[in-house]
>>> print(open('protein-v4.txt').read())   # compact mmCIF, C-alpha atoms and all ligand atoms
# COMPACT_ATOMS: atom_id res chain seq x y z
CA MET Y 1 27.30 103.28 108.57
CA ALA Y 2 26.37 101.24 111.61
CA PRO Y 3 26.38 102.65 115.11
CA ILE Y 4 28.89 101.17 117.52
CA PRO Y 5 27.86 97.95 119.28
CA LYS Y 6 26.55 98.20 122.84
CA GLY Y 7 29.40 97.32 125.20
CA GLY Y 8 31.96 97.91 122.42
CA THR Y 9 35.31 99.65 122.78
CA VAL Y 10 35.64 103.42 122.54
CA ALA Y 11 38.79 105.55 122.54
CA VAL Y 12 38.36 108.99 124.10
CA THR Y 13 40.91 111.71 123.35
CA GLY Y 14 41.15 114.50 125.94
CA SER Y 15 40.01 112.10 128.68
CA ALA Y 16 41.59 114.15 131.47
CA GLY Y 17 39.53 117.15 130.38
CA PHE Y 18 36.25 118.50 131.75
CA ILE Y 19 34.02 117.00 129.06
CA GLY Y 20 36.27 114.03 128.21
CA GLY Y 21 36.29 112.90 131.85
CA TRP Y 22 32.50 112.79 131.87
CA VAL Y 23 32.41 110.91 128.55
CA VAL Y 24 34.71 108.25 130.06
CA ARG Y 25 32.59 108.02 133.20
CA LEU Y 26 29.25 107.71 131.38
CA LEU Y 27 30.64 105.21 128.84
CA LEU Y 28 31.75 103.00 131.74
CA ASP Y 29 28.36 103.40 133.44
CA LYS Y 30 26.70 102.19 130.23
CA GLY Y 31 28.90 99.08 130.02
CA TYR Y 32 31.44 100.13 127.37
CA ARG Y 33 35.15 99.39 127.30
CA VAL Y 34 37.14 102.62 127.27
CA ARG Y 35 40.64 103.55 126.14
CA ALA Y 36 41.24 106.90 127.79
CA CYS Y 37 43.86 108.96 125.92
CA VAL Y 38 45.75 111.55 127.95
CA ARG Y 39 49.01 113.30 127.31
CA ASP Y 40 50.82 111.69 130.23
CA VAL Y 41 49.43 108.66 132.04
CA ASP Y 42 51.87 109.26 134.90
CA ASP Y 43 50.67 112.82 135.55
CA ASP Y 44 48.65 111.89 138.62
CA LYS Y 45 47.27 115.39 139.14
CA LYS Y 46 45.33 114.89 135.91
CA THR Y 47 44.83 111.13 135.77
CA ALA Y 48 44.21 109.98 139.38
CA PHE Y 49 40.46 110.57 139.00
CA LEU Y 50 40.40 108.26 135.97
CA LYS Y 51 42.40 105.57 137.79
CA ALA Y 52 39.89 105.82 140.66
CA MET Y 53 37.00 104.89 138.36
CA PRO Y 54 35.83 101.31 139.11
CA GLY Y 55 36.38 100.07 135.54
CA TYR Y 56 40.11 100.74 135.91
CA ALA Y 57 40.49 97.94 138.45
CA THR Y 58 39.12 95.35 136.00
CA ARG Y 59 40.90 96.87 132.95
CA ARG Y 60 37.58 97.73 131.30
CA LEU Y 61 39.12 101.19 131.42
CA THR Y 62 42.73 101.53 130.26
CA LEU Y 63 44.80 104.70 130.09
CA HIS Y 64 47.14 105.56 127.20
CA SER Y 65 49.68 108.34 126.76
CA ALA Y 66 49.29 110.13 123.43
CA ASN Y 67 50.36 113.62 122.49
CA LEU Y 68 48.48 114.41 119.32
CA ASP Y 69 51.37 116.51 118.10
CA ASP Y 70 53.12 113.15 117.48
CA ASP Y 71 52.10 111.53 114.20
CA GLY Y 72 50.90 107.97 114.65
CA CYS Y 73 50.31 108.33 118.40
CA PHE Y 74 46.87 106.71 118.06
CA ASP Y 75 47.87 103.87 115.70
CA GLU Y 76 48.00 101.15 118.34
CA ILE Y 77 45.33 102.65 120.60
CA PHE Y 78 42.58 102.74 117.94
CA LYS Y 79 43.19 99.15 116.76
CA GLY Y 80 40.20 97.08 117.90
CA CYS Y 81 38.09 100.14 118.83
CA HIS Y 82 34.56 100.52 117.44
CA GLY Y 83 34.28 104.21 118.13
CA VAL Y 84 36.39 107.27 118.79
CA ALA Y 85 35.22 110.32 120.74
CA HIS Y 86 37.71 113.01 119.76
CA LEU Y 87 37.38 115.65 122.46
CA SER Y 88 40.93 116.77 122.86
CA HIS Y 89 42.02 120.33 122.28
CA VAL Y 90 44.96 120.85 119.93
CA SER Y 91 48.12 122.81 120.75
CA THR Y 92 47.01 125.78 118.63
CA TYR Y 93 43.98 126.63 116.52
CA ASP Y 94 45.72 129.59 114.87
CA ASP Y 95 47.86 127.61 112.44
CA GLU Y 96 45.78 126.06 109.67
CA GLY Y 97 48.63 123.82 108.47
CA TYR Y 98 49.09 122.42 111.97
CA VAL Y 99 45.33 121.76 112.42
CA ARG Y 100 45.29 119.90 109.08
CA ARG Y 101 48.34 117.82 110.00
CA VAL Y 102 46.86 116.77 113.33
CA CYS Y 103 43.48 115.87 111.79
CA ASP Y 104 45.21 113.93 109.02
CA HIS Y 105 47.23 111.71 111.30
CA ILE Y 106 44.25 110.99 113.57
CA ILE Y 107 42.27 110.04 110.45
CA LYS Y 108 45.12 107.81 109.29
CA SER Y 109 44.99 105.95 112.63
CA VAL Y 110 41.19 105.57 112.26
CA ASN Y 111 41.60 104.20 108.72
CA GLU Y 112 44.39 101.84 109.72
CA SER Y 113 42.45 100.50 112.70
CA ALA Y 114 40.07 98.81 110.24
CA THR Y 115 37.61 98.49 113.16
CA VAL Y 116 36.45 102.04 113.96
CA ASN Y 117 33.11 102.76 112.33
CA ARG Y 118 32.18 106.00 114.03
CA VAL Y 119 34.10 109.11 115.13
CA VAL Y 120 32.49 111.91 117.10
CA VAL Y 121 34.40 115.14 116.53
CA THR Y 122 33.99 117.76 119.21
CA SER Y 123 33.68 121.19 117.67
CA SER Y 124 32.08 124.21 119.35
CA ILE Y 125 29.32 126.77 119.01
CA ALA Y 126 32.22 129.05 118.08
CA ALA Y 127 32.02 127.26 114.71
CA VAL Y 128 28.37 128.34 114.50
CA ILE Y 129 28.17 131.83 115.98
CA SER Y 130 31.58 133.49 116.16
CA GLU Y 131 31.27 136.55 113.92
CA GLN Y 132 33.89 139.17 113.18
CA ASP Y 133 31.10 141.62 112.32
CA MET Y 134 28.33 141.57 114.95
CA GLN Y 135 25.82 142.82 112.36
CA GLU Y 136 26.01 139.33 110.86
CA LEU Y 137 24.11 138.12 113.93
CA VAL Y 138 21.43 140.69 113.18
CA ARG Y 139 21.21 139.52 109.58
CA ARG Y 140 21.22 135.80 110.51
CA PRO Y 141 20.01 135.55 114.12
CA VAL Y 142 18.80 131.95 114.03
CA LEU Y 143 21.51 129.83 115.67
CA TYR Y 144 21.12 126.29 114.41
CA GLU Y 145 23.14 123.49 112.83
CA ASP Y 146 23.21 124.80 109.25
CA ARG Y 147 24.61 128.13 110.35
CA TYR Y 148 28.33 128.89 109.95
CA PRO Y 149 30.09 132.19 110.67
CA ASP Y 150 30.53 134.52 107.71
CA GLU Y 151 33.65 132.96 106.24
CA GLN Y 152 33.92 135.60 103.49
CA ASN Y 153 34.65 138.39 105.94
CA PRO Y 154 38.29 139.37 105.20
CA LYS Y 155 38.77 140.32 108.86
CA ARG Y 156 37.98 136.76 110.00
CA THR Y 157 41.59 135.94 110.89
CA PRO Y 158 43.45 134.31 113.80
CA GLU Y 159 45.13 137.69 114.46
CA ARG Y 160 41.69 139.14 115.22
CA GLY Y 161 40.76 136.31 117.57
CA GLN Y 162 38.90 134.03 115.14
CA GLY Y 163 41.49 131.20 115.16
CA TYR Y 164 39.45 128.90 117.40
CA SER Y 165 36.33 129.23 115.25
CA ILE Y 166 38.31 128.85 112.00
CA GLY Y 167 40.19 125.80 113.32
CA LYS Y 168 37.01 124.11 114.52
CA VAL Y 169 35.16 124.62 111.20
CA LEU Y 170 38.21 123.30 109.35
CA ALA Y 171 38.47 120.16 111.53
CA GLU Y 172 34.73 119.45 111.12
CA ARG Y 173 35.13 119.49 107.33
CA ILE Y 174 38.35 117.48 107.23
CA PHE Y 175 36.77 114.69 109.28
CA SER Y 176 33.49 114.65 107.30
CA ASP Y 177 35.40 114.51 104.01
CA ALA Y 178 37.58 111.69 105.31
CA GLY Y 179 34.57 109.72 106.55
CA GLU Y 180 32.94 110.10 103.15
CA GLU Y 181 36.09 109.05 101.36
CA SER Y 182 36.63 106.01 103.57
CA GLY Y 183 33.09 104.70 103.04
CA ARG Y 184 33.70 102.69 106.20
CA TRP Y 185 33.23 105.09 109.08
CA ASP Y 186 31.11 108.13 109.88
CA ALA Y 187 32.28 111.42 111.29
CA ILE Y 188 29.59 113.09 113.43
CA THR Y 189 30.17 116.59 114.77
CA CYS Y 190 29.07 117.78 118.18
CA CYS Y 191 29.06 121.56 118.76
CA PRO Y 192 28.82 122.06 122.52
CA ALA Y 193 27.89 125.42 124.01
CA ASP Y 194 29.14 126.84 127.33
CA ASN Y 195 29.66 123.84 129.61
CA VAL Y 196 28.69 124.24 133.24
CA GLY Y 197 28.47 121.44 135.79
CA PRO Y 198 30.53 119.38 138.20
CA ILE Y 199 34.27 118.95 137.85
CA LEU Y 200 35.62 115.44 138.47
CA SER Y 201 39.19 116.43 139.34
CA ALA Y 202 40.69 119.55 140.95
CA HIS Y 203 42.83 120.43 137.92
CA GLN Y 204 39.68 120.89 135.80
CA LYS Y 205 38.76 124.06 137.70
CA ASN Y 206 41.53 125.92 135.88
CA PHE Y 207 40.06 125.41 132.42
CA GLY Y 208 36.68 125.71 130.84
CA PRO Y 209 36.49 128.69 130.88
CA TRP Y 210 33.04 128.50 132.45
CA GLN Y 211 33.79 126.50 135.59
CA HIS Y 212 36.92 128.60 136.05
CA ASN Y 213 34.87 131.78 135.90
CA ILE Y 214 32.50 130.39 138.55
CA GLU Y 215 35.58 129.66 140.66
CA THR Y 216 36.63 133.33 140.37
CA MET Y 217 33.12 134.35 141.48
CA LEU Y 218 33.48 132.18 144.58
CA LEU Y 219 36.83 133.85 145.26
CA GLY Y 220 35.27 137.32 145.14
CA GLU Y 221 36.06 138.88 141.73
CA TYR Y 222 34.99 137.82 138.26
CA SER Y 223 35.18 139.21 134.76
CA GLN Y 224 32.73 140.22 132.07
CA ASN Y 225 35.28 139.10 129.51
CA VAL Y 226 34.70 135.36 129.22
CA VAL Y 227 33.11 135.41 125.81
CA GLY Y 228 32.30 137.88 123.06
CA ALA Y 229 31.58 141.27 124.56
CA TYR Y 230 28.44 141.21 126.74
CA ARG Y 231 27.29 137.88 125.39
CA PRO Y 232 25.20 135.99 127.93
CA TRP Y 233 26.30 132.45 128.63
CA PHE Y 234 24.68 130.00 126.20
CA THR Y 235 24.69 127.04 128.48
CA VAL Y 236 24.62 123.28 128.63
CA ASP Y 237 25.42 120.85 131.40
CA VAL Y 238 28.71 119.00 130.91
CA ARG Y 239 26.95 115.69 131.73
CA ASP Y 240 24.42 116.33 128.96
CA VAL Y 241 27.21 117.03 126.47
CA ALA Y 242 28.86 113.75 127.47
CA GLU Y 243 25.54 111.94 127.07
CA ALA Y 244 25.10 113.52 123.63
CA HIS Y 245 28.53 112.24 122.54
CA ILE Y 246 27.60 108.70 123.52
CA ARG Y 247 24.22 108.88 121.80
CA MET Y 248 25.98 110.09 118.64
CA LEU Y 249 28.11 106.94 118.75
CA GLU Y 250 25.05 104.75 119.37
CA SER Y 251 22.40 106.33 117.17
CA ASP Y 252 21.13 104.82 113.94
CA ARG Y 253 19.54 108.15 113.02
CA VAL Y 254 22.81 109.95 112.24
CA GLY Y 255 25.24 109.50 109.37
CA ASN Y 256 28.49 110.94 108.11
CA GLY Y 257 28.53 114.75 108.11
CA GLU Y 258 25.77 115.13 110.72
CA ARG Y 259 26.29 118.18 112.90
CA LEU Y 260 24.42 118.66 116.17
CA ILE Y 261 24.55 121.60 118.57
CA ALA Y 262 24.49 120.63 122.24
CA TRP Y 263 22.86 123.36 124.31
CA SER Y 264 19.80 123.62 126.49
CA THR Y 265 18.98 127.04 124.91
CA GLU Y 266 18.96 128.56 128.40
CA THR Y 267 20.93 131.81 128.48
CA ARG Y 268 22.03 133.96 131.41
CA ASN Y 269 24.18 137.06 131.83
CA VAL Y 270 27.38 136.60 133.81
CA GLU Y 271 26.18 138.85 136.65
CA ASP Y 272 23.01 136.75 136.97
CA ILE Y 273 25.10 133.57 137.05
CA CYS Y 274 26.96 135.06 140.01
CA ALA Y 275 23.70 136.10 141.71
CA SER Y 276 22.37 132.55 141.22
CA ILE Y 277 24.92 131.16 143.67
CA ASP Y 278 23.35 132.76 146.75
CA ARG Y 279 19.82 132.25 145.41
CA LEU Y 280 20.39 128.51 144.92
CA MET Y 281 22.53 127.84 147.99
CA PRO Y 282 21.67 130.43 150.69
CA GLU Y 283 22.99 128.03 153.35
CA LEU Y 284 26.53 128.53 151.99
CA GLY Y 285 26.53 132.23 152.97
CA PHE Y 286 28.31 133.33 149.77
CA ALA Y 287 29.36 136.95 150.24
CA GLY Y 288 29.03 137.87 146.56
CA ALA Y 289 31.68 139.09 144.14
CA THR Y 290 32.78 142.18 142.26
CA LEU Y 291 32.32 142.29 138.50
CA VAL Y 292 35.28 143.65 136.54
CA ASP Y 293 34.65 145.01 133.06
CA PRO Y 294 37.95 144.89 131.18
CA PHE Y 295 36.64 146.21 127.86
CA PRO Y 296 38.02 149.45 126.44
CA GLU Y 297 35.74 152.49 126.63
CA LYS Y 298 34.92 152.16 122.94
CA ILE Y 299 33.34 148.74 123.55
CA GLN Y 300 31.77 149.74 126.87
CA ALA Y 301 29.96 152.54 125.05
CA ARG Y 302 28.31 149.87 122.88
CA GLU Y 303 27.13 147.72 125.79
CA ALA Y 304 23.39 148.30 125.26
CA GLU Y 305 23.68 147.73 121.51
CA LEU Y 306 25.69 144.51 121.92
CA ARG Y 307 23.36 143.15 124.58
CA ALA Y 308 20.42 143.83 122.24
CA ILE Y 309 22.11 141.92 119.40
CA TRP Y 310 22.63 138.88 121.61
CA ALA Y 311 19.10 139.12 122.96
CA GLY Y 312 17.83 139.06 119.37
CA CYS Y 313 19.45 135.68 118.66
CA GLU Y 314 17.29 132.59 118.56
CA LEU Y 315 18.94 129.47 119.96
CA ARG Y 316 17.61 126.21 118.54
CA ASN Y 317 18.08 122.70 119.81
CA ASP Y 318 15.18 120.95 118.11
CA ARG Y 319 17.51 118.91 115.89
CA ILE Y 320 19.50 117.28 118.70
CA VAL Y 321 16.34 116.77 120.78
CA ALA Y 322 14.56 115.05 117.89
CA THR Y 323 17.55 113.04 116.67
CA LEU Y 324 18.96 111.84 119.98
CA ASP Y 325 15.91 112.21 122.30
CA MET Y 326 17.97 114.57 124.44
CA ASP Y 327 16.58 116.10 127.57
CA PHE Y 328 18.68 118.94 129.01
CA ARG Y 329 19.25 119.78 132.67
CA THR Y 330 18.40 123.27 133.90
CA LEU Y 331 21.18 125.82 134.33
CA ASP Y 332 20.31 126.13 138.03
CA GLU Y 333 21.15 122.45 138.48
CA SER Y 334 24.43 122.88 136.58
CA ILE Y 335 25.46 125.93 138.64
CA ARG Y 336 24.61 124.22 141.93
CA ASP Y 337 26.59 121.09 141.05
CA CYS Y 338 29.48 123.13 139.67
CA VAL Y 339 29.76 125.19 142.87
CA GLU Y 340 29.50 122.15 145.14
CA SER Y 341 32.18 120.29 143.14
CA LEU Y 342 34.50 123.34 143.10
CA ILE Y 343 34.36 123.38 146.89
CA THR Y 344 34.54 119.63 147.54
CA VAL Y 345 36.65 118.38 144.61
CA GLY Y 346 38.51 121.57 143.70
CA ASN Y 347 39.10 122.66 147.31
CA VAL Y 348 38.05 126.22 146.48
CA LYS Y 349 37.54 128.43 149.55
CA PRO Y 350 34.63 130.75 148.78
CA VAL Y 351 34.33 134.23 150.30
CA LEU Y 352 31.56 133.99 152.88
CA LYS Y 353 29.42 136.40 154.90
CA PRO Y 354 30.42 136.88 158.54
CA GLY Y 355 29.40 133.91 160.67
CA PHE Y 356 29.52 131.34 157.84
CA GLU Y 357 32.12 128.65 157.20
CA VAL Y 358 32.38 125.58 154.97
CA PRO Y 359 32.06 122.53 157.22
CA SER Y 360 35.12 120.29 157.20
CA ALA Y 361 34.66 116.93 155.51
CA GLY Y 362 36.37 114.78 158.09
N1 LIG Y 401 34.25 123.45 127.87
C1 LIG Y 401 33.43 124.03 127.03
O1 LIG Y 401 32.56 124.81 127.44
C2 LIG Y 401 33.51 123.73 125.54
C3 LIG Y 401 32.60 124.40 124.70
C4 LIG Y 401 32.64 124.12 123.33
C5 LIG Y 401 33.54 123.21 122.83
N2 LIG Y 401 34.41 122.60 123.66
C6 LIG Y 401 35.34 121.62 123.09
O2 LIG Y 401 35.26 120.42 123.80
C7 LIG Y 401 36.53 119.79 123.86
C8 LIG Y 401 36.86 119.49 125.31
O3 LIG Y 401 36.83 120.68 126.04
P1 LIG Y 401 37.12 120.70 127.62
O4 LIG Y 401 36.47 121.89 128.17
O5 LIG Y 401 36.84 119.37 128.20
O6 LIG Y 401 38.67 120.98 127.60
P2 LIG Y 401 39.79 120.75 128.71
O7 LIG Y 401 39.19 120.49 130.04
O8 LIG Y 401 40.76 121.85 128.57
O9 LIG Y 401 40.45 119.39 128.22
C9 LIG Y 401 41.03 119.31 126.96
C10 LIG Y 401 42.04 118.20 126.93
O10 LIG Y 401 42.74 118.32 125.69
C11 LIG Y 401 43.97 117.70 125.90
N3 LIG Y 401 45.00 118.20 125.00
C12 LIG Y 401 45.34 119.46 124.70
N4 LIG Y 401 46.35 119.48 123.83
C13 LIG Y 401 46.69 118.18 123.58
C14 LIG Y 401 47.67 117.53 122.81
N5 LIG Y 401 48.54 118.22 122.08
N6 LIG Y 401 47.69 116.17 122.79
C15 LIG Y 401 46.83 115.45 123.51
N7 LIG Y 401 45.86 116.02 124.29
C16 LIG Y 401 45.81 117.36 124.32
C17 LIG Y 401 44.37 117.95 127.34
O11 LIG Y 401 45.00 116.73 127.75
P3 LIG Y 401 45.88 116.50 129.06
O12 LIG Y 401 45.05 117.00 130.20
O13 LIG Y 401 46.06 115.03 129.09
O14 LIG Y 401 47.14 117.27 128.93
C18 LIG Y 401 43.06 118.26 128.04
O15 LIG Y 401 42.73 117.33 129.06
C19 LIG Y 401 37.51 120.72 123.15
O16 LIG Y 401 37.71 120.29 121.85
C20 LIG Y 401 36.79 122.07 123.17
O17 LIG Y 401 37.16 122.88 122.08
C21 LIG Y 401 34.42 122.84 125.00
>>> encode(input="protein-v4.txt", output="structure tokens", more="lines below")
Ligand SMILES: NC(=O)c1ccc[n+]([C@@H]2O[C@H](COP(=O)([O-])OP(=O)(O)OC[C@H]3O[C@@H](n4cnc5c(N)ncnc54)[C@H](OP(=O)(O)O)[C@@H]3O)[C@@H](O)[C@H]2O)c1
Amino acid sequence: MAPIPKGGTVAVTGSAGFIGGWVVRLLLDKGYRVRACVRDVDDDKKTAFLKAMPGYATRRLTLHSANLDDDGCFDEIFKGCHGVAHLSHVSTYDDEGYVRRVCDHIIKSVNESATVNRVVVTSSIAAVISEQDMQELVRRPVLYEDRYPDEQNPKRTPERGQGYSIGKVLAERIFSDAGEESGRWDAITCCPADNVGPILSAHQKNFGPWQHNIETMLLGEYSQNVVGAYRPWFTVDVRDVAEAHIRMLESDRVGNGERLIAWSTETRNVEDICASIDRLMPELGFAGATLVDPFPEKIQAREAELRAIWAGCELRNDRIVATLDMDFRTLDESIRDCVESLITVGNVKPVLKPGFEVPSAG
């Protein structure tokens, strides 16, 4: 199917979110018309940053309230759109029936629009790497687009924490099947890794979880328990993920069912992320932070083994680089810009060494 036309109209679900906000901003920068979907247009804490974007004044950017738990909420919004970037979370990933229902009604709105010819579905590396049995990563350590978690493992259940991964794999398939069946639009999947980079609105510091974890570092105490036990962060800059979404809408080298992982392949342990703050911005005078390890003794005893399993994984991004000509920022740049935005946009007050203070803006 054809890519979307340059300057066409794109609906973005999850526009108030960390990645969605950047997709809106970059689409506007590139000359597109954007229908930003949020749950509540009048929730200024979440939407003021969108309304402050220049395209809002000319109505090139419009905001729309849509709770995806309501069937048909996108019917009117998608009419006349060429593309949809579906970045929104859902209310729960643990209920397969619910995930199916939500996908189905979004697909119905795409079909009924009669104008949408491409949908980018935001999945996650959790749909690539999240294993119930860590030995599966030893058996299949190459982390690339054709890899899925071991779906035959009987312990792969929401009750054991696999709901997010299961829900994301399911949504990927439902959209690809629907694109195929329609014969009129393509579903392209983006699997982003751990997003680091600047927040655009203060409320975004509470989510992530990556930017939120950097916030906790700045406040003096952070946790080992952000991802699978002792996994280093597998990072990507949020601006690069947004750029990848737009290139997936624009590219004539992708077709229905394409799946691309968005990561730079740079990895770093959480304690080294924290140490990077002072290394990159010594002028700030960051006092450092205490690492809390919340894992039970049984898991702590396996720390060296688990770290070795992660270190043995091979992260690949050759497919997205070749297909979309992507160039990824360094993690240092992402950490620097994340920290500076947390302080200036998020109003975070970092713990500082004696004699240092954050200069006031006014
Ligand atoms: N951040 C990462 O590192 C990362 C990594 C891999 C994959 N992803 C995927 O990327 C997507 C965006 O992530 P993000 O970090 O930008 O998330 P985020 O900042 O938490 O934003 C997600 C947005 O989803 C919206 N949302 C949640 N439930 C909704 C509902 N029932 N109806 C309508 N909207 C709903 C929220 O809208 P409102 O604010 O309007 O309420 C929120 O702004 C997600 O699908 C996530 O799984 C993220």
>>> residues_near_ligand(input="protein-v4.txt", ligand="ligand LIG 401 (chain Y)", cutoff="6 Å", atoms="all atoms listed in the file", output="PDB file with C-alpha atoms, in the coordinates of the input")
ATOM      1  CA  GLY Y  14      41.150 114.500 125.940  1.00  0.00           C
ATOM      2  CA  SER Y  15      40.010 112.100 128.680  1.00  0.00           C
ATOM      3  CA  ALA Y  16      41.590 114.150 131.470  1.00  0.00           C
ATOM      4  CA  GLY Y  17      39.530 117.150 130.380  1.00  0.00           C
ATOM      5  CA  PHE Y  18      36.250 118.500 131.750  1.00  0.00           C
ATOM      6  CA  ILE Y  19      34.020 117.000 129.060  1.00  0.00           C
ATOM      7  CA  GLY Y  20      36.270 114.030 128.210  1.00  0.00           C
ATOM      8  CA  VAL Y  38      45.750 111.550 127.950  1.00  0.00           C
ATOM      9  CA  ARG Y  39      49.010 113.300 127.310  1.00  0.00           C
ATOM     10  CA  ASP Y  40      50.820 111.690 130.230  1.00  0.00           C
ATOM     11  CA  ALA Y  66      49.290 110.130 123.430  1.00  0.00           C
ATOM     12  CA  ASN Y  67      50.360 113.620 122.490  1.00  0.00           C
ATOM     13  CA  LEU Y  68      48.480 114.410 119.320  1.00  0.00           C
ATOM     14  CA  ASP Y  69      51.370 116.510 118.100  1.00  0.00           C
ATOM     15  CA  LEU Y  87      37.380 115.650 122.460  1.00  0.00           C
ATOM     16  CA  SER Y  88      40.930 116.770 122.860  1.00  0.00           C
ATOM     17  CA  HIS Y  89      42.020 120.330 122.280  1.00  0.00           C
ATOM     18  CA  VAL Y  90      44.960 120.850 119.930  1.00  0.00           C
ATOM     19  CA  SER Y  91      48.120 122.810 120.750  1.00  0.00           C
ATOM     20  CA  THR Y 122      33.990 117.760 119.210  1.00  0.00           C
ATOM     21  CA  SER Y 123      33.680 121.190 117.670  1.00  0.00           C
ATOM     22  CA  SER Y 124      32.080 124.210 119.350  1.00  0.00           C
ATOM     23  CA  PRO Y 192      28.820 122.060 122.520  1.00  0.00           C
ATOM     24  CA  ALA Y 193      27.890 125.420 124.010  1.00  0.00           C
ATOM     25  CA  ASP Y 194      29.140 126.840 127.330  1.00  0.00           C
ATOM     26  CA  ASN Y 195      29.660 123.840 129.610  1.00  0.00           C
ATOM     27  CA  GLN Y 204      39.680 120.890 135.800  1.00  0.00           C
ATOM     28  CA  PHE Y 207      40.060 125.410 132.420  1.00  0.00           C
ATOM     29  CA  GLY Y 208      36.680 125.710 130.840  1.00  0.00           C
TER      30      GLY Y 208
END
>>> residues_around(input="protein-v4.txt", residues="Ala52 in chain Y", least_positions_apart="4", cutoff="12 Å", atoms="all atoms listed in the file", output="number ranges by chain")
Y: 21, 25, 44, 46-48, 56-59, 61-63, 200-201
>>> residues_around(input="protein-v4.txt", residues="range 125-138 of chain Y", least_positions_apart="5", cutoff="10 Å", atoms="only C-alpha atoms", output="PDB file with C-alpha atoms, in the coordinates of the input")
ATOM      1  CA  LEU Y 143      21.510 129.830 115.670  1.00  0.00           C
ATOM      2  CA  TYR Y 144      21.120 126.290 114.410  1.00  0.00           C
ATOM      3  CA  GLU Y 145      23.140 123.490 112.830  1.00  0.00           C
ATOM      4  CA  ASP Y 146      23.210 124.800 109.250  1.00  0.00           C
ATOM      5  CA  ARG Y 147      24.610 128.130 110.350  1.00  0.00           C
ATOM      6  CA  TYR Y 148      28.330 128.890 109.950  1.00  0.00           C
ATOM      7  CA  PRO Y 149      30.090 132.190 110.670  1.00  0.00           C
ATOM      8  CA  ASP Y 150      30.530 134.520 107.710  1.00  0.00           C
ATOM      9  CA  GLU Y 151      33.650 132.960 106.240  1.00  0.00           C
ATOM     10  CA  ASN Y 153      34.650 138.390 105.940  1.00  0.00           C
ATOM     11  CA  PRO Y 154      38.290 139.370 105.200  1.00  0.00           C
ATOM     12  CA  LYS Y 155      38.770 140.320 108.860  1.00  0.00           C
ATOM     13  CA  ARG Y 156      37.980 136.760 110.000  1.00  0.00           C
ATOM     14  CA  THR Y 157      41.590 135.940 110.890  1.00  0.00           C
ATOM     15  CA  ARG Y 160      41.690 139.140 115.220  1.00  0.00           C
ATOM     16  CA  GLY Y 161      40.760 136.310 117.570  1.00  0.00           C
ATOM     17  CA  GLN Y 162      38.900 134.030 115.140  1.00  0.00           C
ATOM     18  CA  GLY Y 163      41.490 131.200 115.160  1.00  0.00           C
ATOM     19  CA  TYR Y 164      39.450 128.900 117.400  1.00  0.00           C
ATOM     20  CA  SER Y 165      36.330 129.230 115.250  1.00  0.00           C
ATOM     21  CA  ILE Y 166      38.310 128.850 112.000  1.00  0.00           C
ATOM     22  CA  GLY Y 167      40.190 125.800 113.320  1.00  0.00           C
ATOM     23  CA  LYS Y 168      37.010 124.110 114.520  1.00  0.00           C
ATOM     24  CA  VAL Y 169      35.160 124.620 111.200  1.00  0.00           C
ATOM     25  CA  LEU Y 170      38.210 123.300 109.350  1.00  0.00           C
ATOM     26  CA  GLU Y 172      34.730 119.450 111.120  1.00  0.00           C
ATOM     27  CA  CYS Y 190      29.070 117.780 118.180  1.00  0.00           C
ATOM     28  CA  CYS Y 191      29.060 121.560 118.760  1.00  0.00           C
ATOM     29  CA  PRO Y 192      28.820 122.060 122.520  1.00  0.00           C
ATOM     30  CA  ALA Y 193      27.890 125.420 124.010  1.00  0.00           C
ATOM     31  CA  ASP Y 194      29.140 126.840 127.330  1.00  0.00           C
ATOM     32  CA  VAL Y 227      33.110 135.410 125.810  1.00  0.00           C
ATOM     33  CA  GLY Y 228      32.300 137.880 123.060  1.00  0.00           C
ATOM     34  CA  PHE Y 234      24.680 130.000 126.200  1.00  0.00           C
ATOM     35  CA  LEU Y 260      24.420 118.660 116.170  1.00  0.00           C
ATOM     36  CA  ILE Y 261      24.550 121.600 118.570  1.00  0.00           C
ATOM     37  CA  ALA Y 262      24.490 120.630 122.240  1.00  0.00           C
ATOM     38  CA  TRP Y 263      22.860 123.360 124.310  1.00  0.00           C
ATOM     39  CA  LEU Y 306      25.690 144.510 121.920  1.00  0.00           C
ATOM     40  CA  ALA Y 308      20.420 143.830 122.240  1.00  0.00           C
ATOM     41  CA  ILE Y 309      22.110 141.920 119.400  1.00  0.00           C
ATOM     42  CA  TRP Y 310      22.630 138.880 121.610  1.00  0.00           C
ATOM     43  CA  GLY Y 312      17.830 139.060 119.370  1.00  0.00           C
ATOM     44  CA  CYS Y 313      19.450 135.680 118.660  1.00  0.00           C
ATOM     45  CA  GLU Y 314      17.290 132.590 118.560  1.00  0.00           C
TER      46      GLU Y 314
END
>>> closest_residue(input="protein-v4.txt", among="Y:Asp252, Y:Glu357, Y:Asp318, Y:Asp272", to="Leu284 in chain Y", atoms="only C-alpha atoms")
Y:Glu357
>>> closest_residue(input="protein-v4.txt", among="Y:Tyr32, Y:Tyr222, Y:Tyr98, Y:Tyr230", to="Ile299 in chain Y", atoms="only C-alpha atoms")
Y:Tyr230
>>> atom_distance(input="protein-v4.txt", atom1="CA of Ser176 in chain Y", atom2="CA of Gly257 in chain Y")
5.0 Å
>>> decode(input="protein-v4.txt", residues="range 313-321 of chain Y", atoms="C-alpha atoms", output="mmCIF file, in the first residue's frame")
data_model
loop_
_atom_site.group_PDB
_atom_site.id
_atom_site.type_symbol
_atom_site.label_atom_id
_atom_site.label_comp_id
_atom_site.auth_asym_id
_atom_site.auth_seq_id
_atom_site.Cartn_x
_atom_site.Cartn_y
_atom_site.Cartn_z
ATOM 1 C CA CYS Y 313 22.385 -10.944 24.342
ATOM 2 C CA GLU Y 314 23.049 -9.424 20.956
ATOM 3 C CA LEU Y 315 20.932 -6.366 20.166
ATOM 4 C CA ARG Y 316 20.372 -5.756 16.465
ATOM 5 C CA ASN Y 317 19.084 -2.663 14.734
ATOM 6 C CA ASP Y 318 20.346 -3.272 11.208
ATOM 7 C CA ARG Y 319 16.812 -3.742 9.862
ATOM 8 C CA ILE Y 320 15.455 -0.358 10.979
ATOM 9 C CA VAL Y 321 18.693 1.388 9.993
#
